[in-house]
Amino acid sequence: MSEHGEAPTDQWQFDETVLRAASAFVLCEEARYNDGLSSGQRVEKLMEAQGVIMATVGPGHRVTFRDLLDRLSGDQAGSLVGIFPEEALTGPLRNLRFLDGVGVSTQEGCDLLWEAAEIFKIADKKQRRGERFTHFELESEFGQEQVFKAIKRS
């Protein structure tokens with residue numbers, strides 16, 4: 001936290017990075033398993049996923065199409081190791097898998113994508129209103145919204 005209690009920029013960059021990686025692997029899963037796509041459309045989806053990852057890691061780190069294909073199934077499926085810079089893979093990110101061994105989204109990957117998207121919606125709403133907010137406030141509002149949604153479903 002900064003001296004004013006606001007979430008530091010590098011923390012948001014990390015969250016956005018993970019969100020982008022998760023969305024890239026969702027594109028990969030769609031390319032592999034959506035029967036309505038032609039071969040050309042499948043390649044386009046995979047190239048889009050590669051583009052998302054390349055834009056996320058920046059020009060200083062090369063990600064080849066082969067690097068991405070190697071992470072669609074098998075031992076490296078859904079892993080950021082090798083496609084993200086080593087210094088970006090701290091803590092649980094090193095072991096995080098967005099796809100399982102056959103290329104289907106993992107529960108952890110889906111949960112992470114959903115939670116990140118929900119938090120970004122809250123942050124975007126606050127920013128549009130010109131509100132300042134702290135990391136704690138975002139987490140608190142996220143928790144409140146989840147409780148409200150659970151009550152509403154009951």
# chains A, B, ... in the order shown; residues from 1 in each chain; ligands from 1
>>> residues_around(residues="stretch 76-91 of chain A", least_positions_apart="2", cutoff="7 Å", atoms="only C-alpha atoms", output="PDB file with all heavy atoms, in the first residue's frame")
ATOM      1  N   PHE A  25      -5.637 -18.199 -22.370  1.00  0.00           N
ATOM      2  CA  PHE A  25      -5.849 -19.644 -22.313  1.00  0.00           C
ATOM      3  C   PHE A  25      -7.304 -20.023 -22.554  1.00  0.00           C
ATOM      4  O   PHE A  25      -7.590 -21.107 -23.059  1.00  0.00           O
ATOM      5  CB  PHE A  25      -5.310 -20.220 -21.003  1.00  0.00           C
ATOM      6  CG  PHE A  25      -3.818 -20.397 -21.019  1.00  0.00           C
ATOM      7  CD1 PHE A  25      -3.008 -19.595 -20.236  1.00  0.00           C
ATOM      8  CD2 PHE A  25      -3.222 -21.342 -21.834  1.00  0.00           C
ATOM      9  CE1 PHE A  25      -1.624 -19.740 -20.260  1.00  0.00           C
ATOM     10  CE2 PHE A  25      -1.844 -21.497 -21.873  1.00  0.00           C
ATOM     11  CZ  PHE A  25      -1.038 -20.699 -21.081  1.00  0.00           C
ATOM     12  N   VAL A  57       3.522  -9.708 -21.918  1.00  0.00           N
ATOM     13  CA  VAL A  57       4.901  -9.824 -21.433  1.00  0.00           C
ATOM     14  C   VAL A  57       5.803  -8.728 -21.994  1.00  0.00           C
ATOM     15  O   VAL A  57       6.863  -8.461 -21.444  1.00  0.00           O
ATOM     16  CB  VAL A  57       5.520 -11.214 -21.728  1.00  0.00           C
ATOM     17  CG1 VAL A  57       4.739 -12.294 -21.018  1.00  0.00           C
ATOM     18  CG2 VAL A  57       5.630 -11.499 -23.201  1.00  0.00           C
ATOM     19  N   HIS A  61      10.511  -9.948 -24.164  1.00  0.00           N
ATOM     20  CA  HIS A  61      10.411 -11.395 -23.935  1.00  0.00           C
ATOM     21  C   HIS A  61       9.699 -12.025 -25.127  1.00  0.00           C
ATOM     22  O   HIS A  61       8.542 -11.731 -25.401  1.00  0.00           O
ATOM     23  CB  HIS A  61       9.641 -11.666 -22.635  1.00  0.00           C
ATOM     24  CG  HIS A  61       9.689 -13.084 -22.200  1.00  0.00           C
ATOM     25  ND1 HIS A  61      10.789 -13.635 -21.583  1.00  0.00           N
ATOM     26  CD2 HIS A  61       8.775 -14.074 -22.307  1.00  0.00           C
ATOM     27  CE1 HIS A  61      10.538 -14.903 -21.323  1.00  0.00           C
ATOM     28  NE2 HIS A  61       9.322 -15.184 -21.755  1.00  0.00           N
ATOM     29  N   VAL A  63       7.792 -14.793 -27.296  1.00  0.00           N
ATOM     30  CA  VAL A  63       6.891 -15.938 -27.140  1.00  0.00           C
ATOM     31  C   VAL A  63       6.555 -16.431 -28.541  1.00  0.00           C
ATOM     32  O   VAL A  63       5.876 -15.748 -29.306  1.00  0.00           O
ATOM     33  CB  VAL A  63       5.591 -15.552 -26.393  1.00  0.00           C
ATOM     34  CG1 VAL A  63       4.678 -16.758 -26.261  1.00  0.00           C
ATOM     35  CG2 VAL A  63       5.902 -14.958 -25.029  1.00  0.00           C
ATOM     36  N   ASP A  67       5.843 -22.094 -28.515  1.00  0.00           N
ATOM     37  CA  ASP A  67       5.768 -21.964 -27.052  1.00  0.00           C
ATOM     38  C   ASP A  67       4.328 -22.093 -26.580  1.00  0.00           C
ATOM     39  O   ASP A  67       4.042 -22.766 -25.586  1.00  0.00           O
ATOM     40  CB  ASP A  67       6.326 -20.608 -26.583  1.00  0.00           C
ATOM     41  CG  ASP A  67       7.819 -20.464 -26.773  1.00  0.00           C
ATOM     42  OD1 ASP A  67       8.540 -21.473 -26.760  1.00  0.00           O
ATOM     43  OD2 ASP A  67       8.260 -19.309 -26.933  1.00  0.00           O
ATOM     44  N   ASP A  70       2.893 -25.682 -27.102  1.00  0.00           N
ATOM     45  CA  ASP A  70       3.414 -26.606 -26.089  1.00  0.00           C
ATOM     46  C   ASP A  70       2.638 -26.521 -24.778  1.00  0.00           C
ATOM     47  O   ASP A  70       2.755 -27.413 -23.937  1.00  0.00           O
ATOM     48  CB  ASP A  70       4.891 -26.318 -25.805  1.00  0.00           C
ATOM     49  CG  ASP A  70       5.800 -26.760 -26.936  1.00  0.00           C
ATOM     50  OD1 ASP A  70       5.359 -27.536 -27.817  1.00  0.00           O
ATOM     51  OD2 ASP A  70       6.965 -26.306 -26.954  1.00  0.00           O
ATOM     52  N   ARG A  71       1.870 -25.468 -24.595  1.00  0.00           N
ATOM     53  CA  ARG A  71       1.123 -25.289 -23.353  1.00  0.00           C
ATOM     54  C   ARG A  71      -0.369 -25.575 -23.496  1.00  0.00           C
ATOM     55  O   ARG A  71      -1.162 -25.220 -22.640  1.00  0.00           O
ATOM     56  CB  ARG A  71       1.346 -23.877 -22.814  1.00  0.00           C
ATOM     57  CG  ARG A  71       2.673 -23.850 -22.070  1.00  0.00           C
ATOM     58  CD  ARG A  71       3.382 -22.537 -22.169  1.00  0.00           C
ATOM     59  NE  ARG A  71       4.720 -22.666 -21.626  1.00  0.00           N
ATOM     60  CZ  ARG A  71       5.771 -23.060 -22.347  1.00  0.00           C
ATOM     61  NH1 ARG A  71       5.634 -23.379 -23.623  1.00  0.00           N
ATOM     62  NH2 ARG A  71       6.965 -23.133 -21.801  1.00  0.00           N
ATOM     63  N   LEU A  72      -0.741 -26.253 -24.576  1.00  0.00           N
ATOM     64  CA  LEU A  72      -2.150 -26.581 -24.780  1.00  0.00           C
ATOM     65  C   LEU A  72      -2.523 -27.946 -24.220  1.00  0.00           C
ATOM     66  O   LEU A  72      -3.695 -28.224 -24.015  1.00  0.00           O
ATOM     67  CB  LEU A  72      -2.508 -26.505 -26.262  1.00  0.00           C
ATOM     68  CG  LEU A  72      -2.340 -25.137 -26.915  1.00  0.00           C
ATOM     69  CD1 LEU A  72      -2.839 -25.178 -28.346  1.00  0.00           C
ATOM     70  CD2 LEU A  72      -3.039 -24.057 -26.129  1.00  0.00           C
ATOM     71  N   SER A  73      -1.540 -28.807 -23.991  1.00  0.00           N
ATOM     72  CA  SER A  73      -1.802 -30.113 -23.388  1.00  0.00           C
ATOM     73  C   SER A  73      -0.489 -30.672 -22.851  1.00  0.00           C
ATOM     74  O   SER A  73       0.573 -30.111 -23.080  1.00  0.00           O
ATOM     75  CB  SER A  73      -2.409 -31.075 -24.425  1.00  0.00           C
ATOM     76  OG  SER A  73      -1.503 -31.293 -25.487  1.00  0.00           O
ATOM     77  N   GLY A  74      -0.598 -31.754 -22.113  1.00  0.00           N
ATOM     78  CA  GLY A  74       0.585 -32.410 -21.583  1.00  0.00           C
ATOM     79  C   GLY A  74       1.118 -31.762 -20.315  1.00  0.00           C
ATOM     80  O   GLY A  74       0.406 -31.056 -19.607  1.00  0.00           O
ATOM     81  N   LEU A  93       2.158 -18.086  -8.732  1.00  0.00           N
ATOM     82  CA  LEU A  93       2.072 -18.002 -10.194  1.00  0.00           C
ATOM     83  C   LEU A  93       2.906 -19.076 -10.875  1.00  0.00           C
ATOM     84  O   LEU A  93       2.558 -19.546 -11.947  1.00  0.00           O
ATOM     85  CB  LEU A  93       2.578 -16.634 -10.669  1.00  0.00           C
ATOM     86  CG  LEU A  93       1.549 -15.623 -11.094  1.00  0.00           C
ATOM     87  CD1 LEU A  93       2.210 -14.418 -11.717  1.00  0.00           C
ATOM     88  CD2 LEU A  93       0.496 -16.181 -11.977  1.00  0.00           C
ATOM     89  N   ARG A  94       4.009 -19.460 -10.268  1.00  0.00           N
ATOM     90  CA  ARG A  94       4.894 -20.460 -10.861  1.00  0.00           C
ATOM     91  C   ARG A  94       4.161 -21.791 -11.049  1.00  0.00           C
ATOM     92  O   ARG A  94       4.388 -22.494 -12.028  1.00  0.00           O
ATOM     93  CB  ARG A  94       6.129 -20.648  -9.999  1.00  0.00           C
ATOM     94  CG  ARG A  94       7.072 -21.721 -10.512  1.00  0.00           C
ATOM     95  CD  ARG A  94       8.429 -21.628  -9.893  1.00  0.00           C
ATOM     96  NE  ARG A  94       9.161 -20.446 -10.292  1.00  0.00           N
ATOM     97  CZ  ARG A  94       9.667 -20.217 -11.509  1.00  0.00           C
ATOM     98  NH1 ARG A  94       9.504 -21.102 -12.445  1.00  0.00           N
ATOM     99  NH2 ARG A  94      10.329 -19.113 -11.769  1.00  0.00           N
ATOM    100  N   LEU A  96       0.719 -22.143 -11.038  1.00  0.00           N
ATOM    101  CA  LEU A  96      -0.644 -21.958 -11.533  1.00  0.00           C
ATOM    102  C   LEU A  96      -0.803 -22.581 -12.914  1.00  0.00           C
ATOM    103  O   LEU A  96       0.050 -22.420 -13.782  1.00  0.00           O
ATOM    104  CB  LEU A  96      -0.964 -20.459 -11.607  1.00  0.00           C
ATOM    105  CG  LEU A  96      -2.343 -20.077 -12.123  1.00  0.00           C
ATOM    106  CD1 LEU A  96      -3.429 -20.579 -11.181  1.00  0.00           C
ATOM    107  CD2 LEU A  96      -2.435 -18.569 -12.261  1.00  0.00           C
ATOM    108  N   ARG A  97      -1.898 -23.302 -13.105  1.00  0.00           N
ATOM    109  CA  ARG A  97      -2.222 -23.906 -14.402  1.00  0.00           C
ATOM    110  C   ARG A  97      -3.599 -23.419 -14.823  1.00  0.00           C
ATOM    111  O   ARG A  97      -4.562 -23.562 -14.086  1.00  0.00           O
ATOM    112  CB  ARG A  97      -2.244 -25.436 -14.321  1.00  0.00           C
ATOM    113  CG  ARG A  97      -0.932 -26.059 -13.951  1.00  0.00           C
ATOM    114  CD  ARG A  97       0.082 -25.856 -15.059  1.00  0.00           C
ATOM    115  NE  ARG A  97       1.373 -26.385 -14.670  1.00  0.00           N
ATOM    116  CZ  ARG A  97       2.057 -27.236 -15.389  1.00  0.00           C
ATOM    117  NH1 ARG A  97       1.592 -27.647 -16.547  1.00  0.00           N
ATOM    118  NH2 ARG A  97       3.219 -27.652 -14.969  1.00  0.00           N
ATOM    119  N   PHE A  98      -3.668 -22.850 -16.017  1.00  0.00           N
ATOM    120  CA  PHE A  98      -4.947 -22.388 -16.543  1.00  0.00           C
ATOM    121  C   PHE A  98      -5.667 -23.493 -17.305  1.00  0.00           C
ATOM    122  O   PHE A  98      -6.876 -23.445 -17.475  1.00  0.00           O
ATOM    123  CB  PHE A  98      -4.746 -21.179 -17.456  1.00  0.00           C
ATOM    124  CG  PHE A  98      -4.313 -19.951 -16.713  1.00  0.00           C
ATOM    125  CD1 PHE A  98      -2.987 -19.547 -16.711  1.00  0.00           C
ATOM    126  CD2 PHE A  98      -5.222 -19.195 -16.003  1.00  0.00           C
ATOM    127  CE1 PHE A  98      -2.588 -18.426 -16.013  1.00  0.00           C
ATOM    128  CE2 PHE A  98      -4.837 -18.069 -15.304  1.00  0.00           C
ATOM    129  CZ  PHE A  98      -3.504 -17.682 -15.311  1.00  0.00           C
ATOM    130  N   LEU A  99      -4.911 -24.475 -17.808  1.00  0.00           N
ATOM    131  CA  LEU A  99      -5.481 -25.620 -18.515  1.00  0.00           C
ATOM    132  C   LEU A  99      -4.970 -26.895 -17.871  1.00  0.00           C
ATOM    133  O   LEU A  99      -3.866 -26.928 -17.332  1.00  0.00           O
ATOM    134  CB  LEU A  99      -5.056 -25.616 -19.996  1.00  0.00           C
ATOM    135  CG  LEU A  99      -5.424 -24.404 -20.841  1.00  0.00           C
ATOM    136  CD1 LEU A  99      -4.819 -24.534 -22.240  1.00  0.00           C
ATOM    137  CD2 LEU A  99      -6.929 -24.232 -20.925  1.00  0.00           C
ATOM    138  N   ASP A 100      -5.780 -27.966 -17.966  1.00  0.00           N
ATOM    139  CA  ASP A 100      -5.305 -29.255 -17.461  1.00  0.00           C
ATOM    140  C   ASP A 100      -4.546 -29.983 -18.571  1.00  0.00           C
ATOM    141  O   ASP A 100      -4.334 -29.436 -19.655  1.00  0.00           O
ATOM    142  CB  ASP A 100      -6.461 -30.081 -16.893  1.00  0.00           C
ATOM    143  CG  ASP A 100      -7.493 -30.481 -17.933  1.00  0.00           C
ATOM    144  OD1 ASP A 100      -7.222 -30.400 -19.156  1.00  0.00           O
ATOM    145  OD2 ASP A 100      -8.592 -30.905 -17.526  1.00  0.00           O
ATOM    146  N   GLY A 101      -4.157 -31.212 -18.327  1.00  0.00           N
ATOM    147  CA  GLY A 101      -3.335 -31.972 -19.264  1.00  0.00           C
ATOM    148  C   GLY A 101      -3.947 -32.224 -20.625  1.00  0.00           C
ATOM    149  O   GLY A 101      -3.237 -32.489 -21.587  1.00  0.00           O
ATOM    150  N   GLY A 103      -6.042 -29.890 -21.999  1.00  0.00           N
ATOM    151  CA  GLY A 103      -6.339 -28.584 -22.582  1.00  0.00           C
ATOM    152  C   GLY A 103      -7.664 -27.963 -22.187  1.00  0.00           C
ATOM    153  O   GLY A 103      -8.153 -27.060 -22.848  1.00  0.00           O
TER     154      GLY A 103
END
>>> select_by_dssp(residues="stretch 22-73 of chain A", states="alpha helix (DSSP H)", output="number ranges by chain")
A: 22-33, 39-57, 65-69
>>> write_last_selection(atoms="N, CA and C atoms", output="short mmCIF file (atom, residue, chain, number, x, y, z; two decimals), in the first residue's frame")
data_model
loop_
_atom_site.label_atom_id
_atom_site.label_comp_id
_atom_site.auth_asym_id
_atom_site.auth_seq_id
_atom_site.Cartn_x
_atom_site.Cartn_y
_atom_site.Cartn_z
N ALA A 22 -5.05 -15.55 -18.29
CA ALA A 22 -6.23 -16.42 -18.19
C ALA A 22 -7.10 -16.30 -19.43
N SER A 23 -7.32 -15.08 -19.91
CA SER A 23 -8.17 -14.91 -21.09
C SER A 23 -7.51 -15.51 -22.33
N ALA A 24 -6.17 -15.46 -22.41
CA ALA A 24 -5.47 -16.07 -23.55
C ALA A 24 -5.69 -17.59 -23.55
N PHE A 25 -5.64 -18.20 -22.37
CA PHE A 25 -5.85 -19.64 -22.31
C PHE A 25 -7.30 -20.02 -22.55
N VAL A 26 -8.23 -19.14 -22.25
CA VAL A 26 -9.64 -19.38 -22.60
C VAL A 26 -9.78 -19.40 -24.12
N LEU A 27 -9.09 -18.50 -24.81
CA LEU A 27 -9.09 -18.50 -26.28
C LEU A 27 -8.52 -19.81 -26.82
N CYS A 28 -7.47 -20.31 -26.18
CA CYS A 28 -6.87 -21.58 -26.61
C CYS A 28 -7.85 -22.73 -26.46
N GLU A 29 -8.53 -22.76 -25.32
CA GLU A 29 -9.51 -23.82 -25.09
C GLU A 29 -10.62 -23.76 -26.14
N GLU A 30 -11.08 -22.55 -26.43
CA GLU A 30 -12.13 -22.41 -27.45
C GLU A 30 -11.63 -22.88 -28.81
N ALA A 31 -10.40 -22.54 -29.15
CA ALA A 31 -9.83 -22.96 -30.44
C ALA A 31 -9.78 -24.48 -30.55
N ARG A 32 -9.50 -25.14 -29.45
CA ARG A 32 -9.37 -26.59 -29.48
C ARG A 32 -10.71 -27.32 -29.46
N TYR A 33 -11.69 -26.78 -28.74
CA TYR A 33 -12.89 -27.57 -28.47
C TYR A 33 -14.20 -27.03 -29.04
N SER A 39 -10.92 -24.77 -39.42
CA SER A 39 -9.48 -24.87 -39.12
C SER A 39 -8.84 -23.49 -39.11
N GLY A 40 -9.21 -22.66 -40.08
CA GLY A 40 -8.66 -21.31 -40.14
C GLY A 40 -9.04 -20.47 -38.94
N GLN A 41 -10.28 -20.62 -38.49
CA GLN A 41 -10.74 -19.87 -37.31
C GLN A 41 -10.02 -20.34 -36.05
N ARG A 42 -9.72 -21.64 -35.99
CA ARG A 42 -8.97 -22.17 -34.84
C ARG A 42 -7.58 -21.55 -34.79
N VAL A 43 -6.92 -21.48 -35.93
CA VAL A 43 -5.59 -20.88 -35.99
C VAL A 43 -5.66 -19.41 -35.61
N GLU A 44 -6.69 -18.71 -36.09
CA GLU A 44 -6.86 -17.29 -35.74
C GLU A 44 -7.01 -17.11 -34.23
N LYS A 45 -7.79 -17.98 -33.58
CA LYS A 45 -7.97 -17.89 -32.12
C LYS A 45 -6.64 -18.11 -31.41
N LEU A 46 -5.88 -19.10 -31.87
CA LEU A 46 -4.58 -19.38 -31.25
C LEU A 46 -3.61 -18.22 -31.47
N MET A 47 -3.66 -17.63 -32.66
CA MET A 47 -2.79 -16.48 -32.93
C MET A 47 -3.21 -15.28 -32.08
N GLU A 48 -4.51 -15.13 -31.87
CA GLU A 48 -4.99 -14.06 -30.99
C GLU A 48 -4.48 -14.29 -29.56
N ALA A 49 -4.54 -15.54 -29.10
CA ALA A 49 -4.04 -15.86 -27.76
C ALA A 49 -2.54 -15.56 -27.66
N GLN A 50 -1.79 -15.92 -28.69
CA GLN A 50 -0.36 -15.63 -28.69
C GLN A 50 -0.13 -14.12 -28.63
N GLY A 51 -0.93 -13.37 -29.38
CA GLY A 51 -0.82 -11.91 -29.37
C GLY A 51 -1.11 -11.31 -28.01
N VAL A 52 -2.11 -11.85 -27.32
CA VAL A 52 -2.45 -11.37 -25.97
C VAL A 52 -1.27 -11.62 -25.03
N ILE A 53 -0.70 -12.80 -25.11
CA ILE A 53 0.44 -13.12 -24.24
C ILE A 53 1.64 -12.25 -24.58
N MET A 54 1.92 -12.08 -25.87
CA MET A 54 3.06 -11.25 -26.28
C MET A 54 2.87 -9.80 -25.82
N ALA A 55 1.67 -9.28 -25.94
CA ALA A 55 1.40 -7.91 -25.50
C ALA A 55 1.53 -7.80 -23.98
N THR A 56 1.19 -8.86 -23.28
CA THR A 56 1.26 -8.85 -21.82
C THR A 56 2.70 -8.87 -21.32
N VAL A 57 3.52 -9.71 -21.92
CA VAL A 57 4.90 -9.82 -21.43
C VAL A 57 5.80 -8.73 -21.99
N PHE A 65 4.94 -19.16 -31.44
CA PHE A 65 3.71 -19.92 -31.59
C PHE A 65 3.91 -21.32 -31.02
N ARG A 66 5.09 -21.90 -31.21
CA ARG A 66 5.42 -23.22 -30.67
C ARG A 66 5.35 -23.19 -29.14
N ASP A 67 5.84 -22.09 -28.52
CA ASP A 67 5.77 -21.96 -27.05
C ASP A 67 4.33 -22.09 -26.58
N LEU A 68 3.42 -21.43 -27.29
CA LEU A 68 2.01 -21.49 -26.92
C LEU A 68 1.45 -22.89 -27.16
N LEU A 69 1.73 -23.47 -28.32
CA LEU A 69 1.20 -24.81 -28.63
C LEU A 69 1.67 -25.84 -27.60
#
